[in-house]
Amino acid sequence: MLVSFEVGATKKGENVFVSAASGAVGQLVGQFAKLHGCYVVGSAGSKEKVDLLKNKFGYDEAINYKEEQDLNATLKRHFPEGIDVYFENVGGKTLDAVLLNMRLQGRIPVCGMTSQYNLTQPEGVTNLAHIVYKRVRLQGFIVADYYHLYGKFLEFVLPHIREGKVVYVEDIAEGLEKGPEALVGIFSGKNVGKQVLVVARE
Ligand SMILES: NC(=O)c1ccc[n+]([C@@H]2O[C@H](COP(=O)([O-])OP(=O)(O)OC[C@H]3O[C@@H](n4cnc5c(N)ncnc54)[C@H](OP(=O)(O)O)[C@@H]3O)[C@@H](O)[C@H]2O)c1
């Protein structure tokens, strides 16, 4: 929703790259970009997730970043003309490689930087000068900034879900005692889809 209508503002035919693409946020972002008529590539950390991206969420291509020796070269192969919109969920090495592959006037909506959250010393990003060379707009946001669009979001997404044009995968942990394990699992990619914790069913 945000990438479609606000920060990233994708247009038909644009090239879109999404990191943590099978997660809670990424799975929807990719599908919304596809609904906008974009070419969409996602990255995720396992074969199972790559299959999900291509076969369930309708991504055009998917990358298992954990198996990539040279992410820059891989992005060049998938985006010979460059990336118009990179939806940022992970930061670090992925952002560095993406910056080398952005197109002129590209946009990077920054939703999160999961790879940096638990580091005592955050990694450096070395290719920031490409923001200037390519006139890239990089903008962070917090979901609460867009609560006023929640009604519009439901109006958009509910009919698509009912018609099966937008799908989602949840990873359900049962019981409050599973909370810590589920939370820690997010940082090693254990979750497949949106991590949900069911406290009680009655
Ligand atoms: N701005 C906001 O208002 C807002 C709101 C909600 C969430 N967020 C942020 O948006 C991002 C996505 O959130 P989400 O809820 O959709 O999470 P998620 O994608 O469901 O879970 C996080 C995923 O990140 C990947 N990951 C973990 N460590 C990584 C690393 N070192 N490098 C690359 N990928 C790594 C893992 O998948 P793999 O198996 O693919 O590695 C993991 O499954 C997070 O950064 C979160 O903090 C921001």
# chains A, B, ... in the order shown; residues from 1 in each chain; ligands from 1

$ closest_atom_pairs --of "segment 75-192 of chain A" --to "segment 31-38 of chain A" --cutoff "12 Å" --atoms "only C-alpha atoms" --output "JSON lines"
{"residue": "A:Ile83", "atom": "CA", "partner": "A:Cys38", "partner_atom": "CA", "distance": 11.0}
{"residue": "A:Asp84", "atom": "CA", "partner": "A:Cys38", "partner_atom": "CA", "distance": 9.8}
{"residue": "A:Val85", "atom": "CA", "partner": "A:Ala33", "partner_atom": "CA", "distance": 9.7}
{"residue": "A:Tyr86", "atom": "CA", "partner": "A:Ala33", "partner_atom": "CA", "distance": 11.0}
{"residue": "A:Phe87", "atom": "CA", "partner": "A:Ala33", "partner_atom": "CA", "distance": 10.3}
{"residue": "A:Phe153", "atom": "CA", "partner": "A:Phe32", "partner_atom": "CA", "distance": 11.3}
{"residue": "A:Phe156", "atom": "CA", "partner": "A:Phe32", "partner_atom": "CA", "distance": 10.1}
{"residue": "A:Val157", "atom": "CA", "partner": "A:Phe32", "partner_atom": "CA", "distance": 9.2}
{"residue": "A:His160", "atom": "CA", "partner": "A:Leu35", "partner_atom": "CA", "distance": 9.9}
{"residue": "A:Ile161", "atom": "CA", "partner": "A:Gln31", "partner_atom": "CA", "distance": 11.1}
{"residue": "A:Gly164", "atom": "CA", "partner": "A:Gln31", "partner_atom": "CA", "distance": 11.5}
{"residue": "A:Lys165", "atom": "CA", "partner": "A:Gln31", "partner_atom": "CA", "distance": 8.5}
{"residue": "A:Val166", "atom": "CA", "partner": "A:Gln31", "partner_atom": "CA", "distance": 6.6}
{"residue": "A:Val167", "atom": "CA", "partner": "A:Gln31", "partner_atom": "CA", "distance": 8.3}
{"residue": "A:Tyr168", "atom": "CA", "partner": "A:Gln31", "partner_atom": "CA", "distance": 9.7}

$ closest_atom_pairs --of "segment 52-104 of chain A" --to "segment 184-197 of chain A" --cutoff "12 Å" --atoms "only C-alpha atoms" --output "JSON lines"
{"residue": "A:Leu52", "atom": "CA", "partner": "A:Val192", "partner_atom": "CA", "distance": 9.2}
{"residue": "A:Leu53", "atom": "CA", "partner": "A:Gly193", "partner_atom": "CA", "distance": 10.4}
{"residue": "A:Lys56", "atom": "CA", "partner": "A:Gly193", "partner_atom": "CA", "distance": 11.4}
{"residue": "A:Phe57", "atom": "CA", "partner": "A:Gly193", "partner_atom": "CA", "distance": 10.9}
{"residue": "A:Asn64", "atom": "CA", "partner": "A:Gly189", "partner_atom": "CA", "distance": 11.9}
{"residue": "A:Tyr65", "atom": "CA", "partner": "A:Gly189", "partner_atom": "CA", "distance": 11.9}
{"residue": "A:Lys66", "atom": "CA", "partner": "A:Gly189", "partner_atom": "CA", "distance": 10.9}
{"residue": "A:Val90", "atom": "CA", "partner": "A:Phe187", "partner_atom": "CA", "distance": 10.4}

$ residues_near_ligand --ligand "ligand 1" --cutoff "9 Å" --atoms "only C-alpha atoms and all ligand atoms" --output "compact mmCIF listing (two decimals) with N, CA, C and O atoms, in the first residue's frame"
# COMPACT_ATOMS: atom_id res chain seq x y z
N SER A 19 13.34 -6.59 -0.56
CA SER A 19 14.10 -7.51 0.31
C SER A 19 13.19 -8.02 1.42
O SER A 19 12.12 -7.44 1.67
N ALA A 20 13.61 -9.10 2.11
CA ALA A 20 12.74 -9.80 3.06
C ALA A 20 11.37 -9.99 2.42
O ALA A 20 10.32 -9.73 3.01
N ALA A 21 11.40 -10.46 1.15
CA ALA A 21 10.22 -10.38 0.30
C ALA A 21 9.11 -11.36 0.67
O ALA A 21 7.97 -11.19 0.24
N SER A 22 9.43 -12.40 1.45
CA SER A 22 8.36 -13.35 1.80
C SER A 22 7.78 -13.03 3.18
O SER A 22 6.90 -13.74 3.66
N GLY A 23 8.29 -11.99 3.83
CA GLY A 23 7.85 -11.67 5.19
C GLY A 23 6.50 -10.98 5.23
O GLY A 23 5.81 -10.84 4.21
N ALA A 24 6.15 -10.52 6.41
CA ALA A 24 4.84 -9.90 6.62
C ALA A 24 4.65 -8.72 5.66
O ALA A 24 3.62 -8.59 4.99
N VAL A 25 5.64 -7.86 5.60
CA VAL A 25 5.55 -6.66 4.76
C VAL A 25 5.82 -7.02 3.30
O VAL A 25 5.04 -6.68 2.40
N GLY A 26 6.94 -7.71 3.08
CA GLY A 26 7.41 -7.94 1.71
C GLY A 26 6.43 -8.70 0.84
O GLY A 26 6.29 -8.40 -0.35
N GLN A 27 5.74 -9.69 1.40
CA GLN A 27 4.83 -10.48 0.56
C GLN A 27 3.73 -9.60 -0.04
O GLN A 27 3.31 -9.79 -1.18
N SER A 43 14.02 -10.83 -2.74
CA SER A 43 15.07 -11.66 -2.15
C SER A 43 14.59 -12.23 -0.82
O SER A 43 13.82 -11.58 -0.10
N ALA A 44 15.06 -13.43 -0.55
CA ALA A 44 14.71 -14.11 0.70
C ALA A 44 15.81 -15.13 0.98
O ALA A 44 16.67 -15.38 0.14
N GLY A 45 15.74 -15.72 2.20
CA GLY A 45 16.88 -16.49 2.67
C GLY A 45 16.79 -18.00 2.60
O GLY A 45 17.54 -18.69 3.28
N SER A 46 15.88 -18.57 1.80
CA SER A 46 15.86 -20.03 1.66
C SER A 46 15.17 -20.40 0.35
O SER A 46 14.45 -19.59 -0.25
N LYS A 49 11.42 -20.19 0.57
CA LYS A 49 10.88 -18.83 0.44
C LYS A 49 10.94 -18.35 -1.01
O LYS A 49 10.04 -17.66 -1.48
N VAL A 50 12.01 -18.72 -1.71
CA VAL A 50 12.13 -18.35 -3.12
C VAL A 50 10.97 -18.97 -3.91
O VAL A 50 10.35 -18.32 -4.75
N ASN A 64 17.79 -16.14 -3.66
CA ASN A 64 18.16 -16.56 -2.30
C ASN A 64 19.47 -15.85 -1.96
O ASN A 64 20.55 -16.30 -2.38
N TYR A 65 19.38 -14.75 -1.23
CA TYR A 65 20.56 -13.92 -1.00
C TYR A 65 21.65 -14.65 -0.23
O TYR A 65 22.83 -14.32 -0.33
N LYS A 66 21.26 -15.69 0.51
CA LYS A 66 22.27 -16.42 1.30
C LYS A 66 23.18 -17.25 0.41
O LYS A 66 24.26 -17.65 0.81
N GLU A 88 13.02 -1.26 0.90
CA GLU A 88 14.09 -1.64 1.83
C GLU A 88 13.54 -2.20 3.14
O GLU A 88 12.84 -1.50 3.89
N ASN A 89 13.87 -3.46 3.39
CA ASN A 89 13.49 -4.09 4.66
C ASN A 89 14.68 -4.55 5.48
O ASN A 89 14.54 -4.86 6.65
N VAL A 90 15.88 -4.65 4.83
CA VAL A 90 16.98 -5.31 5.53
C VAL A 90 18.24 -4.48 5.75
O VAL A 90 18.99 -4.71 6.70
N GLY A 91 18.55 -3.54 4.86
CA GLY A 91 19.75 -2.71 5.00
C GLY A 91 21.04 -3.47 4.75
O GLY A 91 21.04 -4.54 4.11
N GLY A 92 22.17 -2.93 5.22
CA GLY A 92 23.46 -3.61 5.15
C GLY A 92 23.93 -3.89 3.73
O GLY A 92 23.83 -3.05 2.84
N LYS A 93 24.45 -5.11 3.52
CA LYS A 93 25.06 -5.49 2.24
C LYS A 93 24.07 -5.41 1.08
O LYS A 93 24.44 -5.08 -0.04
N THR A 94 22.80 -5.70 1.38
CA THR A 94 21.80 -5.65 0.31
C THR A 94 21.64 -4.22 -0.18
O THR A 94 21.65 -3.95 -1.39
N VAL A 110 12.26 3.33 2.79
CA VAL A 110 12.98 2.54 3.80
C VAL A 110 12.02 2.17 4.93
O VAL A 110 11.65 3.00 5.77
N CYS A 111 11.60 0.90 4.90
CA CYS A 111 10.64 0.41 5.89
C CYS A 111 11.37 -0.12 7.11
O CYS A 111 10.95 0.11 8.25
N GLY A 112 12.50 -0.81 6.88
CA GLY A 112 13.23 -1.38 8.02
C GLY A 112 14.63 -1.79 7.60
O GLY A 112 15.00 -1.73 6.43
N MET A 113 15.43 -2.17 8.59
CA MET A 113 16.81 -2.61 8.33
C MET A 113 17.14 -3.78 9.25
O MET A 113 18.03 -3.70 10.10
N THR A 114 16.43 -4.88 9.07
CA THR A 114 16.54 -6.01 9.98
C THR A 114 17.97 -6.48 10.20
O THR A 114 18.33 -6.88 11.31
N SER A 115 18.80 -6.42 9.16
CA SER A 115 20.17 -6.95 9.30
C SER A 115 20.99 -6.14 10.30
O SER A 115 22.05 -6.60 10.73
N GLN A 116 20.54 -4.94 10.65
CA GLN A 116 21.35 -4.05 11.51
C GLN A 116 20.89 -4.02 12.97
O GLN A 116 21.62 -3.52 13.84
N TYR A 117 19.68 -4.51 13.23
CA TYR A 117 19.08 -4.27 14.55
C TYR A 117 19.89 -4.85 15.72
O TYR A 117 19.94 -4.27 16.78
N ASN A 118 20.50 -6.02 15.50
CA ASN A 118 21.15 -6.68 16.63
C ASN A 118 22.66 -6.60 16.61
O ASN A 118 23.34 -7.30 17.37
N GLY A 140 12.76 7.23 4.76
CA GLY A 140 12.25 6.35 5.80
C GLY A 140 10.81 6.72 6.14
O GLY A 140 10.36 7.84 5.88
N PHE A 141 10.09 5.78 6.72
CA PHE A 141 8.72 6.07 7.16
C PHE A 141 8.35 5.12 8.29
O PHE A 141 8.96 4.07 8.46
N ILE A 142 7.35 5.49 9.04
CA ILE A 142 6.82 4.65 10.11
C ILE A 142 5.33 4.49 9.81
O ILE A 142 4.66 5.44 9.41
N VAL A 143 4.84 3.27 9.99
CA VAL A 143 3.46 2.97 9.59
C VAL A 143 2.45 3.93 10.23
O VAL A 143 1.46 4.31 9.60
N ALA A 144 2.76 4.37 11.46
CA ALA A 144 1.82 5.26 12.16
C ALA A 144 1.63 6.58 11.41
O ALA A 144 0.59 7.24 11.56
N ASP A 145 2.63 6.95 10.57
CA ASP A 145 2.48 8.19 9.79
C ASP A 145 1.33 8.08 8.79
O ASP A 145 0.89 9.09 8.24
N TYR A 146 0.92 6.85 8.52
CA TYR A 146 -0.06 6.64 7.44
C TYR A 146 -1.38 6.05 7.94
O TYR A 146 -2.16 5.55 7.15
N ASP A 171 2.70 -17.39 9.71
CA ASP A 171 3.46 -18.40 10.45
C ASP A 171 2.95 -18.30 11.88
O ASP A 171 3.24 -17.33 12.59
N GLY A 185 13.27 -15.91 16.25
CA GLY A 185 13.28 -16.60 14.94
C GLY A 185 13.23 -15.63 13.77
O GLY A 185 13.78 -15.92 12.70
N ILE A 186 12.62 -14.46 13.97
CA ILE A 186 12.52 -13.47 12.89
C ILE A 186 13.92 -13.03 12.45
O ILE A 186 14.16 -12.77 11.27
N PHE A 187 14.85 -13.01 13.38
CA PHE A 187 16.19 -12.50 13.06
C PHE A 187 17.10 -13.56 12.43
O PHE A 187 18.21 -13.27 12.04
N SER A 188 16.61 -14.80 12.36
CA SER A 188 17.37 -15.80 11.62
C SER A 188 16.54 -16.31 10.44
O SER A 188 16.92 -17.28 9.78
N GLY A 189 15.42 -15.66 10.18
CA GLY A 189 14.61 -16.05 9.03
C GLY A 189 13.80 -17.31 9.25
O GLY A 189 13.35 -17.95 8.30
N LYS A 190 13.56 -17.67 10.52
CA LYS A 190 12.81 -18.90 10.80
C LYS A 190 11.35 -18.77 10.35
O LYS A 190 10.73 -19.73 9.92
N ASN A 191 10.84 -17.55 10.49
CA ASN A 191 9.43 -17.36 10.10
C ASN A 191 9.27 -17.42 8.58
O ASN A 191 10.09 -16.91 7.83
N VAL A 192 8.16 -18.05 8.16
CA VAL A 192 7.80 -18.05 6.74
C VAL A 192 6.47 -17.31 6.65
O VAL A 192 5.45 -17.81 7.10
N GLY A 193 6.49 -16.12 6.13
CA GLY A 193 5.29 -15.28 6.11
C GLY A 193 5.20 -14.45 7.38
O GLY A 193 6.17 -14.33 8.14
N LYS A 194 4.02 -13.90 7.62
CA LYS A 194 3.84 -13.03 8.79
C LYS A 194 3.87 -13.84 10.08
O LYS A 194 3.10 -14.79 10.23
N GLN A 195 4.75 -13.49 10.97
CA GLN A 195 4.82 -14.19 12.26
C GLN A 195 3.66 -13.73 13.15
O GLN A 195 3.53 -12.54 13.45

$ closest_residue --among "A:Lys134, A:Asn55, A:Gln121, A:Val98" --to "Asp70 of chain A" --atoms "only C-alpha atoms"
A:Val98

$ decode --residues "segment 162-178 of chain A" --atoms "all heavy atoms" --output "PDB file, in the first residue's frame"
ATOM      1  N   ARG A 162     -10.586 -11.104  -1.227  1.00  0.00           N
ATOM      2  CA  ARG A 162     -11.791 -11.920  -1.484  1.00  0.00           C
ATOM      3  C   ARG A 162     -11.724 -12.591  -2.859  1.00  0.00           C
ATOM      4  O   ARG A 162     -12.153 -13.725  -3.045  1.00  0.00           O
ATOM      5  CB  ARG A 162     -13.035 -11.025  -1.404  1.00  0.00           C
ATOM      6  CG  ARG A 162     -13.452 -10.770   0.026  1.00  0.00           C
ATOM      7  CD  ARG A 162     -14.827 -10.115   0.110  1.00  0.00           C
ATOM      8  NE  ARG A 162     -14.920  -9.380   1.351  1.00  0.00           N
ATOM      9  CZ  ARG A 162     -14.874  -8.053   1.465  1.00  0.00           C
ATOM     10  NH1 ARG A 162     -14.794  -7.290   0.388  1.00  0.00           N
ATOM     11  NH2 ARG A 162     -14.928  -7.472   2.635  1.00  0.00           N
ATOM     12  N   GLU A 163     -11.181 -11.862  -3.830  1.00  0.00           N
ATOM     13  CA  GLU A 163     -11.107 -12.407  -5.201  1.00  0.00           C
ATOM     14  C   GLU A 163      -9.870 -13.288  -5.406  1.00  0.00           C
ATOM     15  O   GLU A 163      -9.633 -13.771  -6.513  1.00  0.00           O
ATOM     16  CB  GLU A 163     -11.073 -11.248  -6.210  1.00  0.00           C
ATOM     17  CG  GLU A 163     -12.395 -10.513  -6.326  1.00  0.00           C
ATOM     18  CD  GLU A 163     -12.238  -9.161  -7.039  1.00  0.00           C
ATOM     19  OE1 GLU A 163     -11.324  -9.028  -7.868  1.00  0.00           O
ATOM     20  OE2 GLU A 163     -13.038  -8.249  -6.742  1.00  0.00           O
ATOM     21  N   GLY A 164      -9.061 -13.426  -4.369  1.00  0.00           N
ATOM     22  CA  GLY A 164      -7.858 -14.259  -4.483  1.00  0.00           C
ATOM     23  C   GLY A 164      -6.744 -13.582  -5.265  1.00  0.00           C
ATOM     24  O   GLY A 164      -5.768 -14.223  -5.663  1.00  0.00           O
ATOM     25  N   LYS A 165      -6.880 -12.264  -5.496  1.00  0.00           N
ATOM     26  CA  LYS A 165      -5.827 -11.564  -6.264  1.00  0.00           C
ATOM     27  C   LYS A 165      -4.679 -11.117  -5.364  1.00  0.00           C
ATOM     28  O   LYS A 165      -3.606 -10.782  -5.841  1.00  0.00           O
ATOM     29  CB  LYS A 165      -6.423 -10.356  -6.989  1.00  0.00           C
ATOM     30  CG  LYS A 165      -7.351 -10.765  -8.113  1.00  0.00           C
ATOM     31  CD  LYS A 165      -7.887  -9.557  -8.848  1.00  0.00           C
ATOM     32  CE  LYS A 165      -8.801 -10.026  -9.970  1.00  0.00           C
ATOM     33  NZ  LYS A 165      -9.795  -9.025 -10.310  1.00  0.00           N
ATOM     34  N   VAL A 166      -4.943 -11.065  -4.073  1.00  0.00           N
ATOM     35  CA  VAL A 166      -3.873 -10.853  -3.088  1.00  0.00           C
ATOM     36  C   VAL A 166      -3.973 -11.994  -2.089  1.00  0.00           C
ATOM     37  O   VAL A 166      -5.064 -12.285  -1.578  1.00  0.00           O
ATOM     38  CB  VAL A 166      -4.021  -9.485  -2.371  1.00  0.00           C
ATOM     39  CG1 VAL A 166      -3.098  -9.403  -1.162  1.00  0.00           C
ATOM     40  CG2 VAL A 166      -3.712  -8.334  -3.331  1.00  0.00           C
ATOM     41  N   VAL A 167      -2.851 -12.664  -1.860  1.00  0.00           N
ATOM     42  CA  VAL A 167      -2.838 -13.792  -0.914  1.00  0.00           C
ATOM     43  C   VAL A 167      -1.817 -13.496   0.185  1.00  0.00           C
ATOM     44  O   VAL A 167      -0.996 -12.599   0.048  1.00  0.00           O
ATOM     45  CB  VAL A 167      -2.491 -15.117  -1.630  1.00  0.00           C
ATOM     46  CG1 VAL A 167      -3.558 -15.499  -2.625  1.00  0.00           C
ATOM     47  CG2 VAL A 167      -1.129 -15.013  -2.344  1.00  0.00           C
ATOM     48  N   TYR A 168      -1.911 -14.249   1.266  1.00  0.00           N
ATOM     49  CA  TYR A 168      -0.934 -14.036   2.331  1.00  0.00           C
ATOM     50  C   TYR A 168      -0.631 -15.352   3.043  1.00  0.00           C
ATOM     51  O   TYR A 168      -1.439 -16.284   3.016  1.00  0.00           O
ATOM     52  CB  TYR A 168      -1.429 -12.970   3.335  1.00  0.00           C
ATOM     53  CG  TYR A 168      -2.748 -13.294   3.994  1.00  0.00           C
ATOM     54  CD1 TYR A 168      -2.775 -14.007   5.183  1.00  0.00           C
ATOM     55  CD2 TYR A 168      -3.962 -12.926   3.416  1.00  0.00           C
ATOM     56  CE1 TYR A 168      -3.989 -14.330   5.789  1.00  0.00           C
ATOM     57  CE2 TYR A 168      -5.169 -13.244   4.007  1.00  0.00           C
ATOM     58  CZ  TYR A 168      -5.175 -13.937   5.195  1.00  0.00           C
ATOM     59  OH  TYR A 168      -6.374 -14.265   5.786  1.00  0.00           O
ATOM     60  N   VAL A 169       0.554 -15.383   3.629  1.00  0.00           N
ATOM     61  CA  VAL A 169       0.968 -16.570   4.391  1.00  0.00           C
ATOM     62  C   VAL A 169       1.289 -16.124   5.807  1.00  0.00           C
ATOM     63  O   VAL A 169       1.979 -15.115   6.001  1.00  0.00           O
ATOM     64  CB  VAL A 169       2.208 -17.216   3.739  1.00  0.00           C
ATOM     65  CG1 VAL A 169       2.813 -18.282   4.643  1.00  0.00           C
ATOM     66  CG2 VAL A 169       1.851 -17.813   2.389  1.00  0.00           C
ATOM     67  N   GLU A 170       0.759 -16.854   6.767  1.00  0.00           N
ATOM     68  CA  GLU A 170       1.046 -16.555   8.175  1.00  0.00           C
ATOM     69  C   GLU A 170       1.831 -17.719   8.779  1.00  0.00           C
ATOM     70  O   GLU A 170       1.619 -18.877   8.412  1.00  0.00           O
ATOM     71  CB  GLU A 170      -0.255 -16.384   8.959  1.00  0.00           C
ATOM     72  CG  GLU A 170      -1.024 -15.138   8.581  1.00  0.00           C
ATOM     73  CD  GLU A 170      -2.348 -15.025   9.325  1.00  0.00           C
ATOM     74  OE1 GLU A 170      -2.956 -16.064   9.649  1.00  0.00           O
ATOM     75  OE2 GLU A 170      -2.771 -13.885   9.567  1.00  0.00           O
ATOM     76  N   ASP A 171       2.697 -17.391   9.713  1.00  0.00           N
ATOM     77  CA  ASP A 171       3.461 -18.403  10.449  1.00  0.00           C
ATOM     78  C   ASP A 171       2.951 -18.300  11.885  1.00  0.00           C
ATOM     79  O   ASP A 171       3.242 -17.333  12.590  1.00  0.00           O
ATOM     80  CB  ASP A 171       4.950 -18.047  10.335  1.00  0.00           C
ATOM     81  CG  ASP A 171       5.834 -19.160  10.849  1.00  0.00           C
ATOM     82  OD1 ASP A 171       5.421 -19.850  11.799  1.00  0.00           O
ATOM     83  OD2 ASP A 171       6.938 -19.328  10.314  1.00  0.00           O
ATOM     84  N   ILE A 172       2.165 -19.285  12.297  1.00  0.00           N
ATOM     85  CA  ILE A 172       1.458 -19.152  13.570  1.00  0.00           C
ATOM     86  C   ILE A 172       2.162 -19.918  14.696  1.00  0.00           C
ATOM     87  O   ILE A 172       2.379 -21.132  14.596  1.00  0.00           O
ATOM     88  CB  ILE A 172       0.004 -19.632  13.413  1.00  0.00           C
ATOM     89  CG1 ILE A 172      -0.695 -18.708  12.394  1.00  0.00           C
ATOM     90  CG2 ILE A 172      -0.740 -19.607  14.757  1.00  0.00           C
ATOM     91  CD1 ILE A 172      -2.092 -19.099  12.023  1.00  0.00           C
ATOM     92  N   ALA A 173       2.515 -19.178  15.745  1.00  0.00           N
ATOM     93  CA  ALA A 173       3.052 -19.808  16.957  1.00  0.00           C
ATOM     94  C   ALA A 173       1.923 -19.826  17.980  1.00  0.00           C
ATOM     95  O   ALA A 173       1.250 -18.820  18.193  1.00  0.00           O
ATOM     96  CB  ALA A 173       4.242 -18.999  17.474  1.00  0.00           C
ATOM     97  N   GLU A 174       1.715 -20.985  18.579  1.00  0.00           N
ATOM     98  CA  GLU A 174       0.579 -21.145  19.507  1.00  0.00           C
ATOM     99  C   GLU A 174       1.040 -21.016  20.954  1.00  0.00           C
ATOM    100  O   GLU A 174       1.918 -21.766  21.395  1.00  0.00           O
ATOM    101  CB  GLU A 174      -0.050 -22.536  19.339  1.00  0.00           C
ATOM    102  CG  GLU A 174      -0.718 -22.788  18.010  1.00  0.00           C
ATOM    103  CD  GLU A 174      -2.155 -22.267  17.947  1.00  0.00           C
ATOM    104  OE1 GLU A 174      -2.720 -21.889  19.005  1.00  0.00           O
ATOM    105  OE2 GLU A 174      -2.702 -22.244  16.825  1.00  0.00           O
ATOM    106  N   GLY A 175       0.453 -20.057  21.684  1.00  0.00           N
ATOM    107  CA  GLY A 175       0.725 -19.940  23.124  1.00  0.00           C
ATOM    108  C   GLY A 175       1.745 -18.859  23.435  1.00  0.00           C
ATOM    109  O   GLY A 175       2.779 -18.740  22.762  1.00  0.00           O
ATOM    110  N   LEU A 176       1.447 -18.110  24.506  1.00  0.00           N
ATOM    111  CA  LEU A 176       2.308 -16.986  24.909  1.00  0.00           C
ATOM    112  C   LEU A 176       3.748 -17.431  25.155  1.00  0.00           C
ATOM    113  O   LEU A 176       4.700 -16.710  24.857  1.00  0.00           O
ATOM    114  CB  LEU A 176       1.722 -16.347  26.174  1.00  0.00           C
ATOM    115  CG  LEU A 176       2.299 -15.008  26.600  1.00  0.00           C
ATOM    116  CD1 LEU A 176       2.225 -13.979  25.485  1.00  0.00           C
ATOM    117  CD2 LEU A 176       1.566 -14.499  27.847  1.00  0.00           C
ATOM    118  N   GLU A 177       3.903 -18.670  25.660  1.00  0.00           N
ATOM    119  CA  GLU A 177       5.258 -19.149  25.982  1.00  0.00           C
ATOM    120  C   GLU A 177       6.118 -19.300  24.724  1.00  0.00           C
ATOM    121  O   GLU A 177       7.345 -19.371  24.813  1.00  0.00           O
ATOM    122  CB  GLU A 177       5.183 -20.473  26.766  1.00  0.00           C
ATOM    123  CG  GLU A 177       4.643 -21.681  26.029  1.00  0.00           C
ATOM    124  CD  GLU A 177       3.120 -21.678  25.836  1.00  0.00           C
ATOM    125  OE1 GLU A 177       2.451 -20.733  26.286  1.00  0.00           O
ATOM    126  OE2 GLU A 177       2.601 -22.622  25.213  1.00  0.00           O
ATOM    127  N   LYS A 178       5.483 -19.340  23.554  1.00  0.00           N
ATOM    128  CA  LYS A 178       6.248 -19.446  22.294  1.00  0.00           C
ATOM    129  C   LYS A 178       6.693 -18.082  21.784  1.00  0.00           C
ATOM    130  O   LYS A 178       7.403 -17.978  20.779  1.00  0.00           O
ATOM    131  CB  LYS A 178       5.375 -20.122  21.223  1.00  0.00           C
ATOM    132  CG  LYS A 178       5.080 -21.569  21.484  1.00  0.00           C
ATOM    133  CD  LYS A 178       6.290 -22.416  21.051  1.00  0.00           C
ATOM    134  CE  LYS A 178       6.235 -23.847  21.522  1.00  0.00           C
ATOM    135  NZ  LYS A 178       5.034 -24.553  21.168  1.00  0.00           N
TER     136      LYS A 178
END
